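Beneath this line is the structure, given in structure tokens, with notes to follow.
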There are 2 protein chains.
Amino acid sequence: MSINEQLFQTICGQAREAALLHSAADTLEWDERTRMPPAAGDYRAQQVSALRAAVHRLKTDGQFAEDLQTAIDQLGDEDPHSDAASTIRMLHRDWQRDRKLPTELVERVAGATVRGQQSWDHARRQNDFSLFRDVLDEVIDLKQEVGQRIAAGSERTTYEALMDEYEPDASEQQIQAVFDAVRGPLVELITQIRASSRRPDPEVLKREYPIAAQRRFSENVAQRIGFDFQRGRLDETSHPFCTTLGPHDCRILTRYDLHWLPSGLFGTLHEAGHGLYEQGLRTDWFGLPPGSYTSLGIHESQSRLWENQVGRSKAFWSYLYPDAQKSFTPNLDDVALADFYFAVNWVQPSLIRVEADEATYNLHILIRFDLEKQLIDGSLSAGDLPEAWNDRYERDLGIRPPSDADGVLQDVHWSAGLFGYFPTYTLGNLVSAQLFDAAGKQIGDLQAAIGEGDFQPLRQWLIENVHRYGRCYSGEELVRRATGGSLSADHLIKYLRDKLQPLYGITE
Amino acid sequence: MSINEQLFQTICGQAREAALLHSAADTLEWDERTRMPPAAGDYRAQQVSALRAAVHRLKTDGQFAEDLQTAIDQLGDEDPHSDAASTIRMLHRDWQRDRKLPTELVERVAGATVRGQQSWDHARRQNDFSLFRDVLDEVIDLKQEVGQRIAAGSERTTYEALMDEYEPDASEQQIQAVFDAVRGPLVELITQIRASSRRPDPEVLKREYPIAAQRRFSENVAQRIGFDFQRGRLDETSHPFCTTLGPHDCRILTRYDLHWLPSGLFGTLHEAGHGLYEQGLRTDWFGLPPGSYTSLGIHESQSRLWENQVGRSKAFWSYLYPDAQKSFTPNLDDVALADFYFAVNWVQPSLIRVEADEATYNLHILIRFDLEKQLIDGSLSAGDLPEAWNDRYERDLGIRPPSDADGVLQDVHWSAGLFGYFPTYTLGNLVSAQLFDAAGKQIGDLQAAIGEGDFQPLRQWLIENVHRYGRCYSGEELVRRATGGSLSADHLIKYLRDKLQPLYGITE
């Protein structure tokens with residue numbers, strides 16, 4: 001038995017209709033974060049809410065649910081990963097999740113997280129966690145209820161149910177195992193680096209880099225790695241992101257710092273990596289599961305791969321460095337390629353996640369992963385969070401935050417109810433190394449191609465092994481198919497050792 | 001009897017809901033004309049259509065119509081111009097218009113005008129009207145049907161019914177009478193000017209004016225006359241316009257020409273004038289008739305008043321000229337204020353409407369008004385249009401267009417089905433002179449205030465006499481209330497004579 005064609009088209013039609021309104025709302029939010037006049041915020045929030053509500057109505061409509069159930073029953077022995085079967089499976093999956101949450105609860109979460117973000121912002125400016133504690137408590141309570149409702153009747157933990165929104169089908173146990181496997185070797189590598197007498201000179205990156213020149217250089221880099229400006233744009237904002245407003249409209253945003261070149265440059269590579277994933281999805285399935293990204297971990301793997309595996313590699317800079325010297329003359333005239341390459345691979349334990357280097361970055365995530373699991377299972381209270389945070393930073397990174405603003409208040413996520421989101425960052429790092437390793441083995445002369453500025457083989461490999469499947473495979477399934485192995489910490493550790501140990505003169 | 005409060009709130013709620021989606025669609029269109037990547041057009045059209053369709057559903061919903069009818073019956077002896085009564089009257093009026101047009105006809109018009117604009121664009125580039133003729137024929141047929149359906153059962157002509165969309169309640173006969181009254185004196189004034197031996201030197205406006213300097217100067221001018229950048233922005237585009245995306249979000253757009261200063265400068269003043277009207281509307285009535293502009297003629301009167309009565313006045317430049325000299329140094333260092341003032345008031349019959357000066361501009365409109373009435377009543381066919389156009393230009397302006405691109409193909413309006421739109425430009429010119437005259441009499445020392453850069457008295461007068469009423473009064477009623485007289489050609493003629501005759505040394 002197979003899915004009735006007319007039924008399938010009806011279902012797709014409704015999902016596409018929802019995507020039209022969803023992407024319209026995203027367009028309004030992009031405008032809000034880039035162009036909107038200061039006083040226009042309240043009305044903009046009403047416009048976006050009206051659109052989101054219309055999307056929700058389309059997605060939870062009774063007839064739509066009935067159609068999905070009928071189609072699920074018709075799947076029979078069809079390949080569950082075919083476009084059609086994936087469409088039905090994933091839309092049904094989304095619906096099953098949505099229907100478990102009463103509108104009233106969704107509204108309470110929305111209200112609490114809006115207040116949560118405002119209160120977080122205020123507390124951070126005041127550098128006083130106590131101003132944020134009560135609303136954080138409230139958000140945690142609500143997200144516990146959300147997780148419990150979604151987990152009900154399944155084997156999943158509350159935390160796993162929350163994580164599912166960002167990394168569908170991920171197993172908390174498996175992620176815990178991989179994270180445990182990454183921790184030891186990472187700490188060992190960082191200890192080796194701190195003990196080394198070799199140091200890069202990051203000061204060369206702190207010279208004055210005119211914003212206009214950075215902008216031109218970043219646009220040029222994004223274009224060279226393959227970001228299609230016919231189908232996208234690059235803009236500036238205070239918190240960089242990537243958003244997709246249509247099948248041919250992907251917007252990436254970065255921020256430039258006059259005295260810190262890596263901010264705009266690697267920010268652009270990172271967001272362009274996200275953008276290449278979005279631009280690599282099949283446009284004829286836009287708004288439907290086969291044309292949508294499969295998980296945040298996979299999304300992050302694409303951004304990190306271009307930012308780090310490519311963007312912080314020796315081959316990349318051997319190709320691009322003459323251009324950089326010319327673009328920022330005279331800043332880099334006296335800096336040798338090897339020194340520049342070492343500088344952009346500077347490893348230094350620090351307090352702020354978004355400024356962390358490749359090696360220490362994951363320690364920031366592991367701390368958050370452990371703490372948020374405890375917040376959700378109730379073994380850690382909001383009031384005890386700052387001390388637990390500071391203790392962990394002291395233990396894992398060797399530095400104790402001197403204030404809440406540099407510690408527990410640095411990220412927006414928890415105030416916005418995003419519990420279960422942080423692990424996708426480290427998942428992305430793990431997957432990026434694993435995919436890049438497989439790509440290297442399958443493509444052959446990948447480093448030589450990068451050294452010549454030819455990014456087409458890598459981009460094509462990613463399209464064929466990751467992008468084109470959309471949600472037809474989960475993140476874990478994609479990794480297995482593309483690399484032949486299951487998710488593992490080994491590739492990231494090997495990648496970091498292979499790059500950093502020679503730089504820091506470490507011999508084992 | 002008065003309107004039931006609950007019923008009134010229900011009606012307003014639905015209209016506000018429609019306004020949320022309507023303004024969301026406008027936001028997407030602003031983005032389309034300023035930021036959207038080239039390849040994103042098709043999907044953007046789908047997004048906008050989906051939103052427009054949702055607005056249409058809300059506005060033609062059966063219950064909404066019933067509620068409006070009930071409320072109309074409850075109006076009784078309430079002041080028809082009160083906020084509440086105007087809300088009901090105008091929403092009911094809109095609904096009566098909308099319901100006369102079957103969805104199928106609306107869709108056919110939408111399709112034909114999209115093709116019309118594409119075909120017009122192509123024909124203009126090819127400089128060949130014949131490539132546009134067939135689709136123009138089709139658009140005319142469709143708009144005739146639209147006009148006939150709206151006019152059915154009333155005394156109105158088909159053309160008047162079409163014009164009603166832009167200038168509600170306007171009478172074709174009255175507009176014809178005023179236009180006839182303006183023609184003779186205008187032609188006489190232009191003849192005097194052409195016979196004069198005095199000539200300004202427009203070459204000073206054609207020096208190289210760096211775009212960045214023009215941008216800064218224009219933003220500064222917009223701000224000084226009172227455009228609120230907390231509640232709006234100024235951007236650049238190829239076809240300047242003004243659009244309102246929320247009660248505190250008005251976007252104006254201009255274009256700069258490196259070698260023609262008036263383009264960006266007066267374009268900004270013009271659009272800022274539109275913007276001041278939108279920003280002067282009452283925000284608590286946003287999306288409802290008391291918070292919406294009343295007609296395109298009144299809208300144009302606001303833009304033209306700031307562009308011409310203020311922006312091309314001696315007082316304005318006596319205030320602003322030192323700044324202009326400084327902003328564009330050394331371009332104007334050797335140009336006396338009097339010569340600059342004469343240059344921005346250069347009168348010269350020309351072929352292109354959007355580049356026309358204040359005096360000849362209206363002749364361009366009168367030609368279009370006459371021709372489009374004939375196209376709609378069937379006495380002129382699309383095939384005969386180019387010759388009719390060229391003959392009229394030769395007769396009225398003394399110059400025969402050498403090609404279709406410089407003649408009948410210069411404006412987008414007819415390709416987009418906008419028949420009845422052109423007269424609102426001249427209405428705007430007439431009203432701007434009439435309002436400015438009344439403002440001068442009521443404010444007293446208006447010229448002195450302008451000469452000191454104090455635009456507050458004028459802006460306040462416009463808010464109190466025009467903006468704050470929204471649609472509570474029609475354009476004609478507003479003019480009568482604000483000026484004490486009915487619409488007339490006299491004020492524009494007097495204004496132009498008073499300014500231009502001394503400049504050109506004309507004594508009667």
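We name chains A, B, ... following the order of the structure tokens; residues begin at 1 in each chain, and ligands are numbered from 1 as shown.
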Please build the interface table for chain A against chain B with a cut-off of 6 Å, listing for each qualifying residue the nearest atom pair and the distance in Å to one decimal; count only C-alpha atoms, order rows by chain and increasing number, and write it as CSV.
```
residue,atom,partner,partner_atom,distance
A:Leu20,CA,B:Gln47,CA,5.2
A:Pro37,CA,B:Gly232,CA,5.4
A:Pro38,CA,B:Gln230,CA,5.3
A:Ala39,CA,B:Arg231,CA,5.4
A:Ala40,CA,B:His248,CA,4.9
A:Gln47,CA,B:Leu20,CA,5.2
A:Gln230,CA,B:Pro38,CA,5.3
A:Arg231,CA,B:Pro37,CA,5.4
A:Gly232,CA,B:Pro37,CA,5.4
A:His248,CA,B:Ala40,CA,4.8
A:Asp249,CA,B:Ala40,CA,5.4
```
Original post:
Got a sec: who's within 7 Å of region 199-209 of chain B, counting only C-alpha atoms, leaving out chain neighbours fewer than 2 positions off, as number ranges by chain?
Top reply: B: 197, 211, 214, 258-261, 328, 331, 339, 342-343, 346
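Taking CA of Ala388 (chain A) and CA of Gly407 (chain A) as endpoints, the distance between them is 10.6 Å.
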**OP:** Just list the residues in region 119-333 of chain A DSSP gives helix (DSSP H, G or I) on the backbone, as a PyMOL selection string.
**Re:** chain A and resi 119-126+130-151+158-163+172-195+202-206+211-225+261-280+283-285+289-291+296-310+314-327
Subject >> Shell of 7 Å around region 132-142 of chain B, only C-alpha atoms, local chain residues under 4 positions omitted, as an MDAnalysis selection string >> reply: chainID B and resid 109 112:113 116 119:120 123 146 376 382:383 415 417
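We find CA of Ser379 (chain B) and CA of Leu487 (chain B) to be spaced 28.8 Å apart.
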